[in-house]
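What follows is the content of data-v6.cif, which has mmCIF, C-alpha atoms:
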```cif
data_protein
#
loop_
_atom_site.group_PDB
_atom_site.id
_atom_site.type_symbol
_atom_site.label_atom_id
_atom_site.label_comp_id
_atom_site.auth_asym_id
_atom_site.auth_seq_id
_atom_site.Cartn_x
_atom_site.Cartn_y
_atom_site.Cartn_z
ATOM 1 C CA MET R 85 -1.577 21.332 -2.518
ATOM 2 C CA GLU R 86 -4.993 21.106 -0.894
ATOM 3 C CA GLN R 87 -5.374 19.999 2.696
ATOM 4 C CA SER R 88 -7.553 16.994 1.779
ATOM 5 C CA THR R 89 -4.865 15.729 -0.603
ATOM 6 C CA ARG R 90 -2.018 16.273 1.819
ATOM 7 C CA TYR R 91 -3.697 14.509 4.726
ATOM 8 C CA PRO R 92 -5.859 11.522 3.752
ATOM 9 C CA TYR R 93 -8.684 10.259 5.950
ATOM 10 C CA PHE R 94 -8.254 6.839 7.573
ATOM 11 C CA ASP R 95 -11.283 4.696 8.365
ATOM 12 C CA MET R 96 -12.186 3.320 11.780
ATOM 13 C CA TYR R 97 -11.056 -0.265 12.261
ATOM 14 C CA ALA R 98 -14.185 -1.227 14.231
ATOM 15 C CA GLY R 99 -15.582 -4.676 13.637
ATOM 16 C CA ASN R 100 -19.135 -3.534 14.429
ATOM 17 C CA ASP R 101 -21.283 -0.413 14.110
ATOM 18 C CA SER R 102 -20.909 0.730 17.718
ATOM 19 C CA GLY R 103 -18.811 3.764 16.820
ATOM 20 C CA ILE R 104 -16.091 2.486 19.176
ATOM 21 C CA ALA R 105 -12.972 0.501 18.328
ATOM 22 C CA PHE R 106 -10.184 -0.712 20.620
ATOM 23 C CA GLU R 107 -6.774 -1.739 19.333
ATOM 24 C CA CYS R 108 -3.351 -2.518 20.762
ATOM 25 C CA TRP R 109 -0.450 -2.794 18.387
ATOM 26 C CA SER R 110 3.251 -3.432 18.760
ATOM 27 C CA ASP R 111 5.242 -2.357 15.775
ATOM 28 C CA SER R 112 8.204 -0.336 14.601
ATOM 29 C CA ARG R 113 6.425 1.140 11.583
ATOM 30 C CA SER R 114 5.889 4.878 11.433
ATOM 31 C CA VAL R 115 2.510 6.276 10.388
ATOM 32 C CA GLY R 116 2.364 9.281 8.069
ATOM 33 C CA MET R 117 0.198 12.343 8.617
ATOM 34 C CA HIS R 118 -3.490 11.464 8.330
ATOM 35 C CA ARG R 119 -6.913 12.409 9.704
ATOM 36 C CA HIS R 120 -10.060 10.771 11.062
ATOM 37 C CA ARG R 121 -13.735 11.651 11.109
ATOM 38 C CA PHE R 122 -13.770 10.509 14.731
ATOM 39 C CA TYR R 123 -11.764 11.015 17.923
ATOM 40 C CA GLU R 124 -8.787 8.829 18.754
ATOM 41 C CA LEU R 125 -7.308 8.126 22.167
ATOM 42 C CA ILE R 126 -3.624 7.210 22.149
ATOM 43 C CA LEU R 127 -1.873 5.675 25.169
ATOM 44 C CA VAL R 128 1.750 4.547 25.039
ATOM 45 C CA GLY R 129 1.925 1.208 26.845
ATOM 46 C CA ARG R 130 5.650 0.595 26.360
ATOM 47 C CA GLY R 131 8.489 2.306 24.558
ATOM 48 C CA SER R 132 8.093 5.640 22.817
ATOM 49 C CA CYS R 133 7.007 7.432 19.689
ATOM 50 C CA ARG R 134 7.347 10.913 18.282
ATOM 51 C CA HIS R 135 3.876 12.315 17.753
ATOM 52 C CA MET R 136 3.154 15.071 15.227
ATOM 53 C CA TYR R 137 -0.036 16.943 16.123
ATOM 54 C CA ASN R 138 -1.332 20.491 16.515
ATOM 55 C CA ASN R 139 1.618 21.924 14.597
ATOM 56 C CA THR R 140 4.129 20.410 17.032
ATOM 57 C CA GLU R 141 6.258 17.322 17.490
ATOM 58 C CA THR R 142 6.746 15.777 20.921
ATOM 59 C CA LEU R 143 8.035 12.524 22.343
ATOM 60 C CA LEU R 144 5.471 10.310 24.051
ATOM 61 C CA ILE R 145 6.653 7.534 26.348
ATOM 62 C CA GLN R 146 5.010 4.938 28.576
ATOM 63 C CA GLY R 147 2.081 6.441 30.460
ATOM 64 C CA ASP R 148 1.536 9.395 28.120
ATOM 65 C CA ALA R 149 -1.966 9.790 26.655
ATOM 66 C CA VAL R 150 -3.391 12.100 23.977
ATOM 67 C CA VAL R 151 -6.908 12.498 22.608
ATOM 68 C CA VAL R 152 -6.721 13.510 18.928
ATOM 69 C CA SER R 153 -9.642 15.609 17.720
ATOM 70 C CA GLN R 154 -11.667 14.694 14.658
ATOM 71 C CA HIS R 155 -10.481 16.048 11.288
ATOM 72 C CA GLN R 156 -7.100 17.080 12.745
ATOM 73 C CA PRO R 157 -3.900 15.721 11.114
ATOM 74 C CA HIS R 158 -1.471 13.666 13.163
ATOM 75 C CA GLY R 159 1.204 11.038 12.628
ATOM 76 C CA PHE R 160 3.824 8.898 14.381
ATOM 77 C CA SER R 161 7.527 8.271 14.102
ATOM 78 C CA ILE R 162 8.358 5.107 16.036
ATOM 79 C CA GLY R 163 11.686 3.727 17.156
ATOM 80 C CA GLY R 164 12.507 0.559 19.054
ATOM 81 C CA GLU R 165 9.952 -1.705 20.698
ATOM 82 C CA THR R 166 6.738 0.232 21.144
ATOM 83 C CA VAL R 167 3.250 -0.760 22.297
ATOM 84 C CA ILE R 168 0.428 1.710 21.689
ATOM 85 C CA TYR R 169 -3.188 1.399 22.799
ATOM 86 C CA ASN R 170 -5.739 3.090 20.556
ATOM 87 C CA CYS R 171 -9.402 3.728 21.093
ATOM 88 C CA GLN R 172 -11.314 5.327 18.239
ATOM 89 C CA PHE R 173 -14.770 6.695 18.910
ATOM 90 C CA THR R 174 -17.505 9.015 17.676
ATOM 91 C CA LEU R 175 -19.314 11.373 20.015
ATOM 92 C CA ASP R 176 -22.595 9.658 19.173
ATOM 93 C CA ALA R 177 -21.222 6.537 20.866
ATOM 94 C CA VAL R 178 -20.828 8.311 24.229
ATOM 95 C CA ASP R 179 -23.677 9.379 26.529
ATOM 96 C CA VAL R 180 -24.425 13.122 26.424
ATOM 97 C CA PRO R 181 -23.847 13.742 30.189
ATOM 98 C CA VAL R 182 -20.365 12.233 29.837
ATOM 99 C CA ILE R 183 -19.595 14.411 26.802
ATOM 100 C CA ASP R 184 -20.692 17.480 28.775
ATOM 101 C CA ARG R 185 -18.322 16.587 31.608
ATOM 102 C CA LEU R 186 -15.437 15.974 29.219
ATOM 103 C CA ARG R 187 -15.941 19.406 27.676
ATOM 104 C CA GLU R 188 -15.864 21.240 30.982
ATOM 105 C CA ALA R 189 -12.673 23.268 31.358
ATOM 106 C CA PRO R 190 -10.069 21.981 30.932
ATOM 107 C CA SER R 191 -11.626 20.229 27.939
ATOM 108 C CA LEU R 192 -10.430 16.743 27.092
ATOM 109 C CA LEU R 193 -12.091 16.687 23.682
ATOM 110 C CA GLU R 194 -10.978 19.954 22.172
ATOM 111 C CA THR R 195 -7.523 21.459 21.830
ATOM 112 C CA ASP R 196 -6.338 24.737 20.333
ATOM 113 C CA LEU R 197 -6.061 23.706 16.719
ATOM 114 C CA SER R 198 -6.622 27.050 15.057
ATOM 115 C CA SER R 199 -3.393 26.675 13.078
ATOM 116 C CA TYR R 200 -3.744 23.023 12.170
ATOM 117 C CA GLU R 201 -3.845 23.822 8.446
ATOM 118 C CA ASP R 202 -0.171 24.696 8.727
ATOM 119 C CA VAL R 203 0.774 21.551 10.640
ATOM 120 C CA TRP R 204 2.993 20.353 7.815
ATOM 121 C CA VAL R 205 5.550 23.035 8.688
ATOM 122 C CA TRP R 206 6.523 21.192 11.897
ATOM 123 C CA GLU R 207 9.219 19.323 10.016
ATOM 124 C CA THR R 208 11.231 22.464 9.235
ATOM 125 C CA THR R 209 10.024 24.983 11.798
ATOM 126 C CA LEU R 210 10.768 22.912 14.885
ATOM 127 C CA ARG R 211 14.276 22.101 13.708
ATOM 128 C CA GLU R 212 15.033 25.753 13.024
ATOM 129 C CA MET R 213 13.543 27.140 16.216
ATOM 130 C CA GLU R 214 16.101 27.667 18.964
ATOM 131 C CA LYS R 215 15.129 26.525 22.434
ATOM 132 C CA GLU R 216 15.749 29.931 23.994
ATOM 133 C CA ALA R 217 13.460 31.608 21.456
ATOM 134 C CA PHE R 218 10.859 28.949 22.166
ATOM 135 C CA TYR R 219 10.831 29.943 25.821
ATOM 136 C CA LYS R 220 10.860 33.683 25.146
ATOM 137 C CA LYS R 221 7.869 33.479 22.822
ATOM 138 C CA GLY R 222 5.843 32.005 25.648
ATOM 139 C CA GLN R 223 5.100 28.788 23.801
ATOM 140 C CA LEU R 224 6.309 26.598 26.660
ATOM 141 C CA ARG R 225 4.043 25.579 29.497
ATOM 142 C CA LEU R 226 5.568 23.595 32.301
ATOM 143 C CA GLY R 227 5.416 19.895 31.582
ATOM 144 C CA TYR R 228 7.597 16.913 30.817
ATOM 145 C CA GLU R 229 8.532 17.813 27.281
ATOM 146 C CA LEU R 230 8.625 20.842 25.034
ATOM 147 C CA ASN R 231 5.365 21.074 23.068
ATOM 148 C CA SER R 232 3.537 18.447 25.107
ATOM 149 C CA SER R 233 1.018 20.952 26.468
ATOM 150 C CA LYS R 234 0.101 22.068 22.941
ATOM 151 C CA GLN R 235 -0.882 18.484 22.181
ATOM 152 C CA GLY R 236 -2.902 18.105 25.364
ATOM 153 C CA VAL R 237 -0.655 15.296 26.605
ATOM 154 C CA ILE R 238 -1.747 13.741 29.901
ATOM 155 C CA HIS R 239 1.122 12.260 31.904
ATOM 156 C CA LEU R 240 -0.404 9.435 33.916
ATOM 157 C CA ALA R 241 0.851 8.409 37.329
ATOM 158 C CA PRO R 242 1.794 4.706 37.576
ATOM 159 C CA SER R 243 -1.464 3.811 39.342
ATOM 160 C CA GLU R 244 -3.529 5.727 36.762
ATOM 161 C CA PHE R 245 -1.640 4.103 33.911
ATOM 162 C CA ALA R 246 -2.141 0.613 35.350
ATOM 163 C CA PHE R 247 -5.877 1.165 35.772
ATOM 164 C CA ILE R 248 -6.524 2.744 32.366
ATOM 165 C CA SER R 249 -4.425 0.185 30.488
ATOM 166 C CA SER R 250 -6.315 -2.620 32.269
ATOM 167 C CA VAL R 251 -9.648 -1.140 31.152
ATOM 168 C CA LEU R 252 -8.293 -0.825 27.612
ATOM 169 C CA GLU R 253 -7.355 -4.497 27.735
ATOM 170 C CA ARG R 254 -10.933 -5.337 28.714
ATOM 171 C CA GLY R 255 -12.190 -3.270 25.803
ATOM 172 C CA LEU R 256 -9.927 -5.225 23.466
ATOM 173 C CA GLN R 257 -11.443 -8.485 24.686
ATOM 174 C CA GLU R 258 -15.026 -7.278 24.360
ATOM 175 C CA GLU R 259 -15.742 -7.086 20.626
ATOM 176 C CA THR R 260 -19.463 -7.909 20.557
ATOM 177 C CA ASP R 261 -21.090 -6.240 23.568
ATOM 178 C CA LYS R 262 -21.636 -2.632 22.481
ATOM 179 C CA LEU R 263 -22.856 -1.481 25.889
ATOM 180 C CA LEU R 264 -19.750 -2.793 27.644
ATOM 181 C CA GLN R 265 -17.542 -1.136 25.053
ATOM 182 C CA LYS R 266 -19.298 2.165 25.710
ATOM 183 C CA ARG R 267 -18.917 1.850 29.472
ATOM 184 C CA TYR R 268 -15.208 0.979 29.192
ATOM 185 C CA LEU R 269 -14.633 3.977 26.935
ATOM 186 C CA GLU R 270 -16.491 6.333 29.268
ATOM 187 C CA ILE R 271 -14.516 5.102 32.280
ATOM 188 C CA ILE R 272 -11.242 5.699 30.429
ATOM 189 C CA LEU R 273 -12.192 9.181 29.232
ATOM 190 C CA LEU R 274 -13.401 10.283 32.664
ATOM 191 C CA GLU R 275 -10.194 9.018 34.287
ATOM 192 C CA LEU R 276 -8.134 10.917 31.723
ATOM 193 C CA LYS R 277 -10.236 14.004 32.439
ATOM 194 C CA LYS R 278 -9.335 13.709 36.127
ATOM 195 C CA GLY R 279 -5.649 13.462 35.239
ATOM 196 C CA LEU R 280 -5.851 16.509 32.972
ATOM 197 C CA ARG R 281 -7.691 18.536 35.621
ATOM 198 C CA TRP R 282 -5.037 17.637 38.206
ATOM 199 C CA GLN R 283 -2.230 18.741 35.878
ATOM 200 C CA ASN R 284 -3.885 22.059 35.117
ATOM 201 C CA ARG R 285 -4.833 22.757 38.741
ATOM 202 C CA LYS R 286 -1.295 22.169 39.974
ATOM 203 C CA TYR R 287 0.085 24.473 37.301
ATOM 204 C CA THR R 288 -2.371 27.314 37.875
ATOM 205 C CA GLN R 289 -1.772 27.202 41.648
ATOM 206 C CA CYS R 290 1.775 28.389 41.049
ATOM 207 C CA SER R 291 2.256 32.148 41.136
ATOM 208 C CA SER R 292 3.607 33.873 38.046
ATOM 209 C CA SER R 293 6.993 34.428 39.700
ATOM 210 C CA ASN R 294 7.195 30.771 40.752
ATOM 211 C CA GLN R 295 6.286 29.650 37.246
ATOM 212 C CA LYS R 296 9.107 31.773 35.863
ATOM 213 C CA ALA R 297 11.511 30.349 38.447
ATOM 214 C CA ILE R 298 10.659 26.757 37.538
ATOM 215 C CA ALA R 299 10.848 27.589 33.814
ATOM 216 C CA ALA R 300 14.354 28.943 34.426
ATOM 217 C CA VAL R 301 15.270 25.761 36.324
ATOM 218 C CA LEU R 302 14.006 23.620 33.441
ATOM 219 C CA MET R 303 16.159 25.625 31.040
ATOM 220 C CA TYR R 304 19.139 25.193 33.356
ATOM 221 C CA ILE R 305 18.559 21.440 33.490
ATOM 222 C CA GLU R 306 18.409 21.290 29.684
ATOM 223 C CA GLU R 307 21.699 23.152 29.407
ATOM 224 C CA HIS R 308 23.525 21.128 32.090
ATOM 225 C CA LEU R 309 22.016 17.695 31.551
ATOM 226 C CA ASP R 310 25.421 16.014 31.307
ATOM 227 C CA GLU R 311 26.568 17.443 34.634
ATOM 228 C CA THR R 312 25.914 16.556 38.277
ATOM 229 C CA LEU R 313 22.889 18.577 39.377
ATOM 230 C CA ASP R 314 22.662 19.690 43.014
ATOM 231 C CA PHE R 315 19.006 20.549 43.627
ATOM 232 C CA ASN R 316 19.690 21.923 47.102
ATOM 233 C CA ASP R 317 22.050 24.439 45.528
ATOM 234 C CA ILE R 318 19.555 25.198 42.729
ATOM 235 C CA ALA R 319 16.842 25.792 45.355
ATOM 236 C CA ARG R 320 19.040 28.231 47.258
ATOM 237 C CA ARG R 321 19.807 30.175 44.079
ATOM 238 C CA CYS R 322 16.044 30.476 43.496
ATOM 239 C CA SER R 323 15.629 31.683 47.120
ATOM 240 C CA PHE R 324 13.557 28.605 48.003
ATOM 241 C CA SER R 325 14.057 26.119 50.783
ATOM 242 C CA PRO R 326 14.928 22.650 49.416
ATOM 243 C CA ASN R 327 11.619 21.180 50.604
ATOM 244 C CA TYR R 328 9.496 23.982 49.142
ATOM 245 C CA PHE R 329 11.465 23.843 45.890
ATOM 246 C CA ARG R 330 10.796 20.113 45.521
ATOM 247 C CA LYS R 331 7.078 20.626 46.197
ATOM 248 C CA LEU R 332 6.871 23.499 43.712
ATOM 249 C CA PHE R 333 8.805 21.520 41.105
ATOM 250 C CA LYS R 334 6.550 18.489 41.446
ATOM 251 C CA ASP R 335 3.389 20.610 41.372
ATOM 252 C CA SER R 336 4.593 22.197 38.139
ATOM 253 C CA THR R 337 5.935 19.143 36.310
ATOM 254 C CA GLY R 338 4.246 16.182 37.992
ATOM 255 C CA LEU R 339 7.613 14.705 38.929
ATOM 256 C CA ALA R 340 10.183 15.152 41.662
ATOM 257 C CA PRO R 341 13.382 16.844 40.392
ATOM 258 C CA VAL R 342 15.466 13.646 40.288
ATOM 259 C CA ALA R 343 12.713 11.703 38.508
ATOM 260 C CA TYR R 344 12.306 14.556 36.010
ATOM 261 C CA VAL R 345 16.033 14.624 35.257
ATOM 262 C CA ASN R 346 16.202 10.833 34.906
ATOM 263 C CA ARG R 347 13.329 10.878 32.439
ATOM 264 C CA LEU R 348 14.830 13.735 30.450
ATOM 265 C CA ARG R 349 18.250 12.068 30.341
ATOM 266 C CA ILE R 350 16.799 8.817 29.037
ATOM 267 C CA ILE R 351 14.708 10.644 26.426
ATOM 268 C CA ARG R 352 17.790 12.519 25.213
ATOM 269 C CA ALA R 353 19.868 9.342 25.162
ATOM 270 C CA PHE R 354 17.141 7.629 23.152
ATOM 271 C CA GLU R 355 17.239 10.449 20.617
ATOM 272 C CA TYR R 356 21.041 10.323 20.400
ATOM 273 C CA MET R 357 20.895 6.609 19.616
ATOM 274 C CA GLN R 358 17.972 6.776 17.237
ATOM 275 C CA LYS R 359 18.651 10.000 15.353
ATOM 276 C CA ASP R 360 22.417 10.396 15.635
ATOM 277 C CA GLY R 361 23.402 6.725 15.535
ATOM 278 C CA MET R 362 25.352 6.835 18.808
ATOM 279 C CA ASN R 363 26.108 3.591 20.585
ATOM 280 C CA ILE R 364 24.832 3.015 24.117
ATOM 281 C CA LYS R 365 28.027 4.153 25.858
ATOM 282 C CA GLU R 366 28.251 7.378 23.843
ATOM 283 C CA ALA R 367 24.590 8.252 24.408
ATOM 284 C CA ALA R 368 24.799 7.549 28.136
ATOM 285 C CA GLU R 369 27.886 9.715 28.582
ATOM 286 C CA CYS R 370 26.299 12.569 26.615
ATOM 287 C CA VAL R 371 23.599 12.766 29.286
ATOM 288 C CA GLY R 372 25.981 12.432 32.207
ATOM 289 C CA ILE R 373 25.599 8.724 33.023
ATOM 290 C CA TYR R 374 28.850 6.751 33.083
ATOM 291 C CA ASP R 375 27.690 3.504 34.697
ATOM 292 C CA LEU R 376 26.290 1.438 31.813
ATOM 293 C CA ASN R 377 24.561 -1.057 34.087
ATOM 294 C CA TYR R 378 22.752 1.763 35.867
ATOM 295 C CA PHE R 379 21.936 3.392 32.535
ATOM 296 C CA SER R 380 20.443 0.161 31.189
ATOM 297 C CA ARG R 381 18.309 -0.348 34.309
ATOM 298 C CA LEU R 382 17.074 3.247 34.219
ATOM 299 C CA PHE R 383 16.407 3.078 30.477
ATOM 300 C CA LYS R 384 14.325 -0.075 30.849
ATOM 301 C CA LYS R 385 12.396 1.370 33.788
ATOM 302 C CA ILE R 386 11.448 4.502 31.854
ATOM 303 C CA MET R 387 11.138 3.230 28.278
ATOM 304 C CA GLY R 388 9.946 -0.303 28.962
ATOM 305 C CA TYR R 389 12.750 -2.072 27.086
ATOM 306 C CA VAL R 390 16.546 -2.287 27.138
ATOM 307 C CA PRO R 391 18.598 0.271 25.174
ATOM 308 C CA SER R 392 19.920 -2.379 22.765
ATOM 309 C CA LYS R 393 16.379 -2.577 21.334
ATOM 310 C CA VAL R 394 16.549 0.957 19.970
ATOM 311 C CA GLN R 395 16.460 0.906 16.197
ATOM 312 C CA LYS R 396 17.775 3.736 14.115
ATOM 313 C CA THR R 397 15.012 4.727 11.736
#
```
Would you mind writing the structure in this file as structure tokens?
Amino acid sequence: MEQSTRYPYFDMYAGNDSGIAFECWSDSRSVGMHRHRFYELILVGRGSCRHMYNNTETLLIQGDAVVVSQHQPHGFSIGGETVIYNCQFTLDAVDVPVIDRLREAPSLLETDLSSYEDVWVWETTLREMEKEAFYKKGQLRLGYELNSSKQGVIHLAPSEFAFISSVLERGLQEETDKLLQKRYLEIILLELKKGLRWQNRKYTQCSSSNQKAIAAVLMYIEEHLDETLDFNDIARRCSFSPNYFRKLFKDSTGLAPVAYVNRLRIIRAFEYMQKDGMNIKEAAECVGIYDLNYFSRLFKKIMGYVPSKVQKT
């Protein structure tokens, strides 16, 4: 089957000819693999979605942003209450000096999509690939989720998320003034560029041995997620002081160890409920949380809604 048949092109939903379109939608519908002749910014405002892009699948949650390149296939699998901000744009709609800045390394507008023609294999390949093999093949870069770096995911800090989502809201309200739409878009893209540069700088500042140590810790966390994790003990086993370990961990992942584990536990619990049909108590216990009130509060804080809203799709 030819690529053009497998992945249809979707049109821009702009109401004018500015080359820029803002949208915010709240839905539980999944969106099949498709392409655009323009770029698309995706920001999860609440909830979560599984995003298929660049031959990988990763879970995006509140505060995660991705810029999808033109002509590249992507799609969504959505569960529960989810709010997603979209901004579609052509490069002609953005001033040239801004485009030049966005393309400076690390580039916000281009990702490594050399294998995008084989993106359809994600559905079988990712399920068959063992996590240990994934690490050994060097396909993991430190981040919040497996595969997120291959999609160019930017994990926004709360203050960054609040600012960018507020500008997106202004863009939604401004449907007729093309100049304002352009300025809002440029502000958003430049802020995302700053976030991406910060992520990359923190990662590259880590020595190769430290990167390997943190990668080993992340693997350990994955394998012992349902257990009590003592980060002071983990630091000692890595020959780090507790304070230096926490700094190194946050520089590498963007989160303190406890915050990282909480996020990972909630993501796993979400998947247990959505994919495996577990009830709330079962999912919570599978990730080592036995206080359901605490689990519900943590789930809402991270996902943006209570666990009872999760729908099995």
When the PyMOL selection byres ((chain R and resi 322) around 12) is applied to the structure above, which residues does it catch, written out as a list in words?
Ser293, Asn294, Gln295, Lys296, Ala297, Ile298, Ala299, Ala300, Val301, Tyr304, Phe315, Asn316, Asp317, Ile318, Ala319, Arg320, Arg321, Ser323, Phe324, Ser325, Pro326, Tyr328, Phe329, Arg330, Leu332 and Phe333 of chain R
Please build the interface table for segment 228-334 of chain R against segment 152-164 of chain R with a cut-off of 10 Å, listing for each qualifying residue the nearest atom pair and the distance in Å to one decimal; count all atoms listed in the file, order rows by chain and increasing number, and write it as a Markdown table.
```
| residue | atom | partner | partner_atom | distance |
| --- | --- | --- | --- | --- |
| R:Gln235 | CA | R:Val152 | CA | 8.3 |
| R:Gly236 | CA | R:Val152 | CA | 8.8 |
| R:Val237 | CA | R:Val152 | CA | 9.9 |
```
Segment 103-116 of chain R: which residues within 8 Å, counting all atoms listed in the file, same-chain residues fewer than 6 positions away excluded, as a ChimeraX atom specification?
/R:96-97,158-174,176-177,252,255-256,265-266
For the contact check between segment 227-334 of chain R and segment 366-372 of chain R, emit one row per residue of segment 227-334 of chain R within 8 Å, containing the shortest atom pair and the distance in Å rounded to one decimal, counting all atoms listed in the file, chain then rising number order, as JSON lines.
```
{"residue": "R:Leu309", "atom": "CA", "partner": "R:Val371", "partner_atom": "CA", "distance": 5.7}
{"residue": "R:Asp310", "atom": "CA", "partner": "R:Gly372", "partner_atom": "CA", "distance": 3.7}
{"residue": "R:Glu311", "atom": "CA", "partner": "R:Gly372", "partner_atom": "CA", "distance": 5.6}
{"residue": "R:Thr312", "atom": "CA", "partner": "R:Gly372", "partner_atom": "CA", "distance": 7.3}
```
Considering all atoms listed in the file, can you say which of R:Tyr268, R:Phe383, R:Tyr137, R:Tyr389 comes closest to Lys234 of chain R?
R:Tyr137
Can you spell out as an NGL selection string the set of residues that the PyMOL selection byres ((chain R and resi 279) around 9) selects in the structure I just provided?
:R and (238-241 or 244 or 274-278 or 280-284)
Selection above as a file: C-alpha atoms, as an mmCIF file, keeping the file's coordinate frame:
```cif
data_model
loop_
_atom_site.group_PDB
_atom_site.id
_atom_site.type_symbol
_atom_site.label_atom_id
_atom_site.label_comp_id
_atom_site.auth_asym_id
_atom_site.auth_seq_id
_atom_site.Cartn_x
_atom_site.Cartn_y
_atom_site.Cartn_z
ATOM 1 C CA ILE R 238 -1.747 13.741 29.901
ATOM 2 C CA HIS R 239 1.122 12.260 31.904
ATOM 3 C CA LEU R 240 -0.404 9.435 33.916
ATOM 4 C CA ALA R 241 0.851 8.409 37.329
ATOM 5 C CA GLU R 244 -3.529 5.727 36.762
ATOM 6 C CA LEU R 274 -13.401 10.283 32.664
ATOM 7 C CA GLU R 275 -10.194 9.018 34.287
ATOM 8 C CA LEU R 276 -8.134 10.917 31.723
ATOM 9 C CA LYS R 277 -10.236 14.004 32.439
ATOM 10 C CA LYS R 278 -9.335 13.709 36.127
ATOM 11 C CA LEU R 280 -5.851 16.509 32.972
ATOM 12 C CA ARG R 281 -7.691 18.536 35.621
ATOM 13 C CA TRP R 282 -5.037 17.637 38.206
ATOM 14 C CA GLN R 283 -2.230 18.741 35.878
ATOM 15 C CA ASN R 284 -3.885 22.059 35.117
#
```
Atom pair atom CA of Asn363 of chain R / atom CA of Gln146 of chain R: separation (Å):
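Here the two named atoms are 22.6 Å from each other.
Using all atoms listed in the file, the shortest contact distance between Met387 of chain R and any of R:Met362, R:Ala340, R:Ala353, R:Ala189 is found at R:Ala353.
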Nearest residue to Leu125 of chain R from the set R:Leu339, R:Val150, R:Pro242, R:Ile272 (distances using only C-alpha atoms):
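Answer, going by the shortest atom-to-atom distance: R:Val150.
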